[in-house]
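Q: Handing over upload-v3.cif, mmCIF, C-alpha atoms.
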```
data_entry
loop_
_atom_site.group_PDB
_atom_site.id
_atom_site.type_symbol
_atom_site.label_atom_id
_atom_site.label_comp_id
_atom_site.auth_asym_id
_atom_site.auth_seq_id
_atom_site.Cartn_x
_atom_site.Cartn_y
_atom_site.Cartn_z
ATOM 1 C CA GLY A 1 0.000 0.000 0.000
ATOM 2 C CA LEU A 2 2.975 2.354 0.205
ATOM 3 C CA ALA A 3 3.145 4.908 -2.625
ATOM 4 C CA GLY A 4 6.779 4.071 -3.418
ATOM 5 C CA ASN A 5 9.523 1.793 -2.110
ATOM 6 C CA GLY A 6 12.151 4.525 -1.875
ATOM 7 C CA VAL A 7 11.454 6.364 1.408
ATOM 8 C CA PHE A 8 13.368 9.607 2.041
ATOM 9 C CA LYS A 9 11.660 11.047 5.119
ATOM 10 C CA ILE A 10 9.162 9.984 7.812
ATOM 11 C CA LEU A 11 7.062 12.323 9.958
ATOM 12 C CA GLU A 12 4.499 11.841 12.712
ATOM 13 C CA ASP A 13 1.948 14.666 12.677
ATOM 14 C CA LYS A 14 0.123 16.178 15.647
ATOM 15 C CA SER A 15 -2.775 13.757 15.186
ATOM 16 C CA GLY A 16 -0.567 10.654 15.276
ATOM 17 C CA ASN A 17 -0.615 9.942 11.543
ATOM 18 C CA ILE A 18 2.655 8.813 9.962
ATOM 19 C CA TRP A 19 3.656 10.454 6.669
ATOM 20 C CA PHE A 20 6.179 8.968 4.240
ATOM 21 C CA ALA A 21 7.940 10.967 1.537
ATOM 22 C CA THR A 22 8.675 8.456 -1.240
ATOM 23 C CA ASN A 23 9.754 8.219 -4.845
ATOM 24 C CA GLY A 24 6.147 7.440 -5.792
ATOM 25 C CA GLY A 25 4.329 10.199 -3.914
ATOM 26 C CA VAL A 26 3.284 10.759 -0.304
ATOM 27 C CA SER A 27 1.765 8.076 1.926
ATOM 28 C CA LYS A 28 -0.253 8.809 5.048
ATOM 29 C CA TYR A 29 -0.525 5.903 7.482
ATOM 30 C CA LYS A 30 -3.376 6.158 9.960
ATOM 31 C CA PRO A 31 -2.884 3.657 12.815
ATOM 32 C CA SER A 32 -5.828 1.743 14.202
ATOM 33 C CA LYS A 33 -6.900 2.299 17.796
ATOM 34 C CA ASP A 34 -5.069 -0.801 18.987
ATOM 35 C CA ASP A 35 -2.012 -0.173 16.730
ATOM 36 C CA SER A 36 -2.347 -3.634 15.209
ATOM 37 C CA THR A 37 -3.218 -2.524 11.699
ATOM 38 C CA GLY A 38 -3.707 0.732 9.881
ATOM 39 C CA THR A 39 -4.662 2.273 6.574
ATOM 40 C CA PHE A 40 -2.548 3.894 3.873
ATOM 41 C CA ILE A 41 -3.832 6.913 1.972
ATOM 42 C CA ASN A 42 -1.644 7.908 -0.951
ATOM 43 C CA TYR A 43 -1.244 11.308 -2.581
ATOM 44 C CA THR A 44 0.282 11.558 -6.044
ATOM 45 C CA THR A 45 -0.008 13.821 -9.059
ATOM 46 C CA ASN A 46 -3.498 12.401 -9.473
ATOM 47 C CA GLU A 47 -4.474 14.035 -6.157
ATOM 48 C CA GLY A 48 -2.644 17.298 -6.872
ATOM 49 C CA LEU A 49 1.054 16.815 -6.076
ATOM 50 C CA SER A 50 3.332 18.717 -8.443
ATOM 51 C CA THR A 51 5.428 15.561 -8.963
ATOM 52 C CA ASN A 52 5.768 12.163 -7.283
ATOM 53 C CA ASP A 53 9.465 12.257 -6.297
ATOM 54 C CA VAL A 54 9.018 13.641 -2.776
ATOM 55 C CA SER A 55 12.190 14.389 -0.821
ATOM 56 C CA SER A 56 10.921 15.575 2.573
ATOM 57 C CA VAL A 57 7.853 16.436 4.655
ATOM 58 C CA LEU A 58 7.221 18.952 7.451
ATOM 59 C CA GLU A 59 4.194 19.977 9.526
ATOM 60 C CA ASP A 60 4.269 23.689 10.317
ATOM 61 C CA ARG A 61 2.994 25.388 13.478
ATOM 62 C CA ASN A 62 -0.388 25.969 11.820
ATOM 63 C CA GLY A 63 -0.876 22.272 11.045
ATOM 64 C CA HIS A 64 -0.229 22.586 7.318
ATOM 65 C CA LEU A 65 1.915 19.921 5.678
ATOM 66 C CA TRP A 66 4.730 20.807 3.314
ATOM 67 C CA PHE A 67 6.212 18.368 0.798
ATOM 68 C CA THR A 68 9.456 19.126 -0.988
ATOM 69 C CA THR A 69 10.293 17.362 -4.240
ATOM 70 C CA PHE A 70 13.390 16.633 -6.291
ATOM 71 C CA THR A 71 11.973 18.102 -9.527
ATOM 72 C CA GLY A 72 8.649 19.852 -8.804
ATOM 73 C CA GLY A 73 9.393 22.457 -6.151
ATOM 74 C CA VAL A 74 7.319 22.582 -2.955
ATOM 75 C CA ASN A 75 3.734 21.575 -2.157
ATOM 76 C CA LYS A 76 1.653 22.972 0.714
ATOM 77 C CA PHE A 77 -1.246 20.737 1.810
ATOM 78 C CA ASP A 78 -4.114 21.938 4.011
ATOM 79 C CA GLY A 79 -5.780 18.536 4.225
ATOM 80 C CA LYS A 80 -7.823 19.037 1.089
ATOM 81 C CA ASN A 81 -5.916 21.040 -1.503
ATOM 82 C CA PHE A 82 -2.337 21.402 -2.725
ATOM 83 C CA ILE A 83 -0.683 24.748 -3.430
ATOM 84 C CA HIS A 84 2.464 24.590 -5.570
ATOM 85 C CA PHE A 85 5.541 26.793 -5.187
ATOM 86 C CA THR A 86 8.187 26.569 -7.896
ATOM 87 C CA SER A 87 10.802 28.827 -9.437
ATOM 88 C CA LYS A 88 7.934 30.673 -11.118
ATOM 89 C CA GLU A 89 6.744 31.766 -7.658
ATOM 90 C CA GLY A 90 10.266 32.712 -6.577
ATOM 91 C CA LEU A 91 11.793 29.477 -5.263
ATOM 92 C CA ALA A 92 15.562 29.289 -5.817
ATOM 93 C CA SER A 93 15.277 25.958 -7.634
ATOM 94 C CA ASP A 94 12.645 23.319 -8.359
ATOM 95 C CA SER A 95 15.001 20.653 -6.981
ATOM 96 C CA VAL A 96 14.484 20.806 -3.197
ATOM 97 C CA ASN A 97 16.241 18.540 -0.674
ATOM 98 C CA CYS A 98 15.063 19.739 2.735
ATOM 99 C CA ILE A 99 12.843 22.070 4.735
ATOM 100 C CA VAL A 100 13.055 23.616 8.231
ATOM 101 C CA GLU A 101 10.738 25.951 10.152
ATOM 102 C CA ASP A 102 12.597 28.435 12.343
ATOM 103 C CA LYS A 103 11.597 29.876 15.722
ATOM 104 C CA VAL A 104 9.572 32.736 14.226
ATOM 105 C CA GLY A 105 7.724 30.557 11.727
ATOM 106 C CA HIS A 106 9.724 31.234 8.579
ATOM 107 C CA LEU A 107 10.348 28.261 6.307
ATOM 108 C CA TRP A 108 13.802 27.534 4.875
ATOM 109 C CA PHE A 109 14.197 25.344 1.785
ATOM 110 C CA GLY A 110 17.520 23.807 0.761
ATOM 111 C CA THR A 111 17.807 23.408 -3.008
ATOM 112 C CA LYS A 112 20.275 22.829 -5.825
ATOM 113 C CA GLY A 113 20.174 26.566 -6.495
ATOM 114 C CA GLY A 114 20.776 27.728 -2.957
ATOM 115 C CA VAL A 115 18.404 28.495 -0.080
ATOM 116 C CA SER A 116 14.928 30.031 -0.127
ATOM 117 C CA LYS A 117 13.438 31.652 2.984
ATOM 118 C CA PHE A 118 9.627 31.947 2.931
ATOM 119 C CA ASP A 119 7.825 34.327 5.291
ATOM 120 C CA GLY A 120 4.334 33.213 4.307
ATOM 121 C CA ASN A 121 4.076 35.672 1.465
ATOM 122 C CA ASN A 122 7.420 36.118 -0.264
ATOM 123 C CA PHE A 123 10.642 34.247 -0.963
ATOM 124 C CA ILE A 124 14.072 35.634 -0.109
ATOM 125 C CA ASN A 125 16.743 33.694 -1.982
ATOM 126 C CA PHE A 126 20.367 33.063 -1.088
ATOM 127 C CA PRO A 127 22.218 31.782 -4.184
ATOM 128 C CA ILE A 128 24.407 28.705 -3.935
ATOM 129 C CA GLN A 129 27.594 30.766 -4.340
ATOM 130 C CA LEU A 130 27.000 32.251 -0.867
ATOM 131 C CA PHE A 131 27.496 28.818 0.688
ATOM 132 C CA THR A 132 30.979 28.266 -0.665
ATOM 133 C CA SER A 133 34.258 29.890 0.231
ATOM 134 C CA ASN A 134 35.418 29.834 -3.392
ATOM 135 C CA GLY A 135 32.209 30.642 -5.290
ATOM 136 C CA ARG A 136 31.669 27.127 -6.635
ATOM 137 C CA SER A 137 28.306 26.576 -8.292
ATOM 138 C CA ASP A 138 28.517 22.759 -8.666
ATOM 139 C CA ASN A 139 27.018 22.352 -5.234
ATOM 140 C CA GLU A 140 23.674 21.950 -3.445
ATOM 141 C CA ILE A 141 22.194 22.351 0.042
ATOM 142 C CA ARG A 142 21.698 18.942 1.703
ATOM 143 C CA TRP A 143 20.408 19.939 5.157
ATOM 144 C CA ILE A 144 19.427 22.961 7.281
ATOM 145 C CA LEU A 145 19.334 23.345 11.093
ATOM 146 C CA GLU A 146 18.574 26.221 13.446
ATOM 147 C CA ASP A 147 20.615 26.037 16.653
ATOM 148 C CA LYS A 148 19.570 27.223 20.122
ATOM 149 C CA TYR A 149 21.163 30.623 19.479
ATOM 150 C CA GLY A 150 19.039 31.210 16.376
ATOM 151 C CA HIS A 151 21.902 30.669 13.943
ATOM 152 C CA ILE A 152 20.996 28.804 10.756
ATOM 153 C CA TRP A 153 23.411 26.069 9.627
ATOM 154 C CA PHE A 154 23.606 24.693 6.106
ATOM 155 C CA GLY A 155 25.308 21.502 4.947
ATOM 156 C CA THR A 156 26.404 21.291 1.327
ATOM 157 C CA SER A 157 27.186 18.456 -1.038
ATOM 158 C CA SER A 158 30.803 19.455 -1.639
ATOM 159 C CA SER A 159 31.724 22.730 0.092
ATOM 160 C CA GLY A 160 31.435 22.028 3.793
ATOM 161 C CA LEU A 161 29.190 24.016 6.141
ATOM 162 C CA SER A 162 27.922 27.559 6.351
ATOM 163 C CA ARG A 163 26.522 29.367 9.389
ATOM 164 C CA TYR A 164 24.220 32.378 9.001
ATOM 165 C CA ASP A 165 23.665 34.763 11.918
ATOM 166 C CA GLY A 166 21.051 36.881 10.167
ATOM 167 C CA LYS A 167 23.637 39.164 8.594
ATOM 168 C CA ASN A 168 26.768 37.266 7.609
ATOM 169 C CA PHE A 169 27.846 33.827 6.446
ATOM 170 C CA ILE A 170 30.765 31.940 8.000
ATOM 171 C CA HIS A 171 32.162 29.043 5.948
ATOM 172 C CA ILE A 172 33.678 25.960 7.545
ATOM 173 C CA THR A 173 35.542 23.474 5.355
ATOM 174 C CA GLU A 174 38.421 21.029 5.590
ATOM 175 C CA ASP A 175 40.730 24.062 5.756
ATOM 176 C CA GLU A 176 39.110 24.992 9.090
ATOM 177 C CA GLY A 177 39.199 21.450 10.453
ATOM 178 C CA LEU A 178 36.284 19.517 8.964
ATOM 179 C CA SER A 179 37.038 15.881 8.243
ATOM 180 C CA TYR A 180 35.324 16.088 4.825
ATOM 181 C CA ASN A 181 33.510 18.743 2.783
ATOM 182 C CA GLY A 182 30.608 16.589 1.609
ATOM 183 C CA THR A 183 27.510 16.041 3.769
ATOM 184 C CA TYR A 184 24.305 14.102 3.325
ATOM 185 C CA ARG A 185 20.621 14.621 4.094
ATOM 186 C CA ASN A 186 19.272 13.940 7.639
ATOM 187 C CA SER A 187 22.757 13.760 9.149
ATOM 188 C CA ILE A 188 22.730 16.728 11.550
ATOM 189 C CA ILE A 189 21.507 17.211 15.126
ATOM 190 C CA GLU A 190 22.097 19.567 18.036
ATOM 191 C CA ASP A 191 22.428 17.505 21.208
ATOM 192 C CA ARG A 192 21.138 18.510 24.639
ATOM 193 C CA SER A 193 24.540 19.973 25.511
ATOM 194 C CA GLY A 194 24.456 22.301 22.512
ATOM 195 C CA HIS A 195 27.021 20.433 20.452
ATOM 196 C CA LEU A 196 26.344 19.994 16.748
ATOM 197 C CA TRP A 197 26.926 16.522 15.319
ATOM 198 C CA PHE A 198 26.943 16.036 11.580
ATOM 199 C CA GLY A 199 27.851 13.181 9.324
ATOM 200 C CA THR A 200 29.763 13.432 6.095
ATOM 201 C CA SER A 201 29.633 11.476 2.863
ATOM 202 C CA GLY A 202 33.118 10.057 3.229
ATOM 203 C CA GLY A 203 34.883 11.561 6.238
ATOM 204 C CA GLY A 204 32.980 10.141 9.177
ATOM 205 C CA LEU A 205 31.525 12.324 11.953
ATOM 206 C CA ASN A 206 32.261 15.821 13.180
ATOM 207 C CA ARG A 207 31.290 17.435 16.480
ATOM 208 C CA ILE A 208 31.450 21.198 16.685
ATOM 209 C CA ASN A 209 30.961 23.747 19.441
ATOM 210 C CA THR A 210 31.862 27.413 19.501
ATOM 211 C CA LYS A 211 35.563 26.743 19.878
ATOM 212 C CA SER A 212 36.620 23.429 18.383
ATOM 213 C CA PHE A 213 36.024 20.370 16.219
ATOM 214 C CA LEU A 214 36.192 16.718 17.113
ATOM 215 C CA ARG A 215 36.423 14.173 14.298
ATOM 216 C CA PHE A 216 35.425 10.506 14.411
ATOM 217 C CA THR A 217 36.242 8.070 11.607
ATOM 218 C CA LYS A 218 36.873 4.348 11.183
ATOM 219 C CA ALA A 219 40.119 4.884 13.073
ATOM 220 C CA GLU A 220 38.071 5.805 16.174
ATOM 221 C CA GLY A 221 35.646 2.888 15.788
ATOM 222 C CA LEU A 222 33.046 3.818 13.183
ATOM 223 C CA PRO A 223 32.152 0.917 10.877
ATOM 224 C CA ASP A 224 32.147 3.258 7.878
ATOM 225 C CA ASN A 225 32.980 6.877 7.067
ATOM 226 C CA PHE A 226 29.753 7.492 5.116
ATOM 227 C CA ILE A 227 27.118 8.712 7.609
ATOM 228 C CA TRP A 228 23.462 8.632 6.579
ATOM 229 C CA ASN A 229 21.658 9.563 9.778
ATOM 230 C CA VAL A 230 22.228 10.885 13.299
ATOM 231 C CA LEU A 231 19.838 10.646 16.273
ATOM 232 C CA GLU A 232 19.884 11.453 20.003
ATOM 233 C CA ASP A 233 17.563 9.273 22.090
ATOM 234 C CA ARG A 234 15.739 10.318 25.255
ATOM 235 C CA LYS A 235 18.613 9.040 27.448
ATOM 236 C CA GLY A 236 21.165 11.181 25.637
ATOM 237 C CA ASN A 237 22.733 8.343 23.650
ATOM 238 C CA LEU A 238 23.788 9.237 20.118
ATOM 239 C CA TRP A 239 23.067 6.856 17.248
ATOM 240 C CA PHE A 240 24.860 6.956 13.911
ATOM 241 C CA GLY A 241 23.657 5.129 10.823
ATOM 242 C CA THR A 242 26.445 4.363 8.358
ATOM 243 C CA ASN A 243 26.889 2.509 5.096
ATOM 244 C CA THR A 244 27.822 -0.699 6.904
ATOM 245 C CA GLY A 245 26.145 -0.608 10.298
ATOM 246 C CA ILE A 246 25.197 1.429 13.353
ATOM 247 C CA ASN A 247 27.203 2.994 16.158
ATOM 248 C CA VAL A 248 25.863 4.181 19.504
#
```
Could you write out this structure as structure tokens?
A:
Amino acid sequence: GLAGNGVFKILEDKSGNIWFATNGGVSKYKPSKDDSTGTFINYTTNEGLSTNDVSSVLEDRNGHLWFTTFTGGVNKFDGKNFIHFTSKEGLASDSVNCIVEDKVGHLWFGTKGGVSKFDGNNFINFPIQLFTSNGRSDNEIRWILEDKYGHIWFGTSSSGLSRYDGKNFIHITEDEGLSYNGTYRNSIIEDRSGHLWFGTSGGGLNRINTKSFLRFTKAEGLPDNFIWNVLEDRKGNLWFGTNTGINV
């Protein structure tokens, strides 16, 4: 019953429904009262999606669902209707990897063309060249995170990290101590101590605070240097999903 077998993001909404962003559309799983079985409801281009290759899903503070896609921009869903946002409406690119809602309710979209900030009415775009220290354009935004200080962090496919304080960008690459300049989607968290942990696509893990980096690779015990996912559980343990296994 799933819309597609390639699943890129999973979200539980405020009502307890589970949403899956897949390569065949969006699936909503509504659990039964006893959690033994449930029902899938699928949303594709037939129901109003701009395209079926859905990269991520987010529920905003107003209860609206947002679906980003790899080729069709962004879809906003109010439970009945889809509203499409593409480059024609001001989005930086129609290829969108990720979405984050910040503390004041603005939405940030990471794309192949840079970052788009949406205030509910208008897009403000930050071109991809702003996220590189050397102006490279063969790059894309893989993830976005807002830390507890209100700084926005961006992970790129080949040019390390950028931090935005509302006025200026600071670039962090291998020259500043990163283990690797490439990052991947869903591989960033801020732990309860305020440290940022992010995985790379070939250089293992990095932990950053305001003063220093720590790097963890196969030499320190990781099974692989390609990190797909990072999670902190309720006890404070950190879990790392790699190409060849899991570390905790």
Q: Gly79 in chain A: which residues within 10 Å, counting only C-alpha atoms, same-chain residues fewer than 2 positions away excluded, as a short mmCIF file (atom, residue, chain, number, x, y, z; two decimals) with C-alpha atoms, in the frame of the given file?
A:
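Produced file selection-v1.cif, reproduced below:
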```cif
data_model
loop_
_atom_site.label_atom_id
_atom_site.label_comp_id
_atom_site.auth_asym_id
_atom_site.auth_seq_id
_atom_site.Cartn_x
_atom_site.Cartn_y
_atom_site.Cartn_z
CA GLY A 63 -0.88 22.27 11.04
CA HIS A 64 -0.23 22.59 7.32
CA LEU A 65 1.92 19.92 5.68
CA LYS A 76 1.65 22.97 0.71
CA PHE A 77 -1.25 20.74 1.81
CA ASN A 81 -5.92 21.04 -1.50
CA PHE A 82 -2.34 21.40 -2.72
#
```
Q: Which residues fall under the PyMOL selection byres ((chain A and resi 115) around 7) in this file, as a PDB file with C-alpha atoms, in the coordinates of the input?
A:
```
ATOM      1  CA  ALA A  92      15.562  29.289  -5.817  1.00  0.00           C
ATOM      2  CA  TRP A 108      13.802  27.534   4.875  1.00  0.00           C
ATOM      3  CA  PHE A 109      14.197  25.344   1.785  1.00  0.00           C
ATOM      4  CA  GLY A 110      17.520  23.807   0.761  1.00  0.00           C
ATOM      5  CA  THR A 111      17.807  23.408  -3.008  1.00  0.00           C
ATOM      6  CA  GLY A 113      20.174  26.566  -6.495  1.00  0.00           C
ATOM      7  CA  GLY A 114      20.776  27.728  -2.957  1.00  0.00           C
ATOM      8  CA  SER A 116      14.928  30.031  -0.127  1.00  0.00           C
ATOM      9  CA  LYS A 117      13.438  31.652   2.984  1.00  0.00           C
ATOM     10  CA  ASN A 125      16.743  33.694  -1.982  1.00  0.00           C
ATOM     11  CA  PHE A 126      20.367  33.063  -1.088  1.00  0.00           C
ATOM     12  CA  PRO A 127      22.218  31.782  -4.184  1.00  0.00           C
TER      13      PRO A 127
END
```
Q: Expanded to explicit residues, what is the PyMOL selection byres ((chain A and resi 199-210) around 10) for this file, as a PyMOL selection string?
A: chain A and resi 155-158+160+177-190+193-198+211-220+222-230+240-243
Q: Return as JSON the box centre and box size in Å, one decimal, for an axis-aligned box around all listed atoms of range 56-71 of chain A padded by 8 Å per side.
A:
```
{"center_x": 6.3, "center_y": 20.8, "center_z": 2.0, "size_x": 30.3, "size_y": 26.4, "size_z": 39.0}
```
Q: Select, from A:Tyr29, A:Gly38, A:Val100, A:His84, the residue with the minimum atom-to-atom distance to Ser56 in chain A, counting all atoms listed in the file.
A: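 Ranking A:Tyr29, A:Gly38, A:Val100, A:His84 by distance to Ser56 in chain A, first place goes to A:Val100.
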Q: Can you translate the PyMOL selection byres ((chain A and resi 68) around 9) into the concrete residues it hits in this file, as a VMD selection string?
A: chain A and resid 21 53 to 58 66 to 67 69 to 76 95 to 99 109
Q: Go through A:Asp175, A:Asp165, A:Glu59, A:Asp233 one by one, measure the shortest atom-to-atom distance of each to Lys14 in chain A using only C-alpha atoms, and give the residue with the smallest value.
A: A:Glu59
Q: Between CA of Asn17 in chain A and CA of Tyr43 in chain A, what distance in Å does the model show, to one decimal?
A: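 Between CA of Asn17 in chain A and CA of Tyr43 in chain A the gap is 14.2 Å.
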Q: Taking into account only C-alpha atoms, which residue in the set A:Ile83, A:Gly150, A:Gly1, A:Gly221 is nearest to Asn42 in chain A?
A: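 When distances to Asn42 in chain A are compared using only C-alpha atoms, the smallest one comes from A:Gly1.
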Q: Looking at all atoms listed in the file, which of A:Phe20, A:Glu174, A:Lys103, A:Thr132 is the one that sits closest to Asp147 in chain A?
A: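 Going through A:Phe20, A:Glu174, A:Lys103, A:Thr132 one by one, the smallest distance to Asp147 in chain A is for A:Lys103.
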Q: As an exercise, work out the distance from CA of Arg61 in chain A to CA of Thr44 in chain A in Å and give it to one decimal place.
A: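 Taking CA of Arg61 in chain A and CA of Thr44 in chain A, their separation equals 24.1 Å.
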Q: Please indicate the distance in Å from CA of Ser159 in chain A to CA of Thr173 in chain A, rounded to one decimal place.
A: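 These atoms are spaced 6.5 Å apart.
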Q: If we count all atoms listed in the file, what is near Glu89 in chain A at a cut-off of 9 Å, once residues fewer than 3 positions away on the same chain are taken out, given as a ChimeraX atom specification?
A: /A:84-86,122-123
Q: Please produce a file of the residues just selected, as an mmCIF file, in the coordinates of the input, where the atoms kept are C-alpha atoms.
A:
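Contents of again.cif, freshly written:
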```cif
data_model
loop_
_atom_site.group_PDB
_atom_site.id
_atom_site.type_symbol
_atom_site.label_atom_id
_atom_site.label_comp_id
_atom_site.auth_asym_id
_atom_site.auth_seq_id
_atom_site.Cartn_x
_atom_site.Cartn_y
_atom_site.Cartn_z
ATOM 1 C CA HIS A 84 2.464 24.590 -5.570
ATOM 2 C CA PHE A 85 5.541 26.793 -5.187
ATOM 3 C CA THR A 86 8.187 26.569 -7.896
ATOM 4 C CA ASN A 122 7.420 36.118 -0.264
ATOM 5 C CA PHE A 123 10.642 34.247 -0.963
#
```
Q: Between A:Leu91, A:Ala3, A:Val104, A:Leu145, which one has atoms that come closest to Ile124 in chain A, using all atoms listed in the file?
A: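 Under the stated criterion, the closest residue is A:Leu91.
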Q: Could you pull the residues within 8 Å of Glu232 in chain A, counting only C-alpha atoms, minus those fewer than 4 positions along the same chain, as number ranges by chain?
A: A: 189, 191, 236-239
Q: Taking all atoms listed in the file into account, name the residue in A:Val248, A:Trp19, A:Gly25, A:Gly48 that is nearest to Asn5 in chain A.
A: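 So, comparing all the options, the nearest one is A:Gly25.
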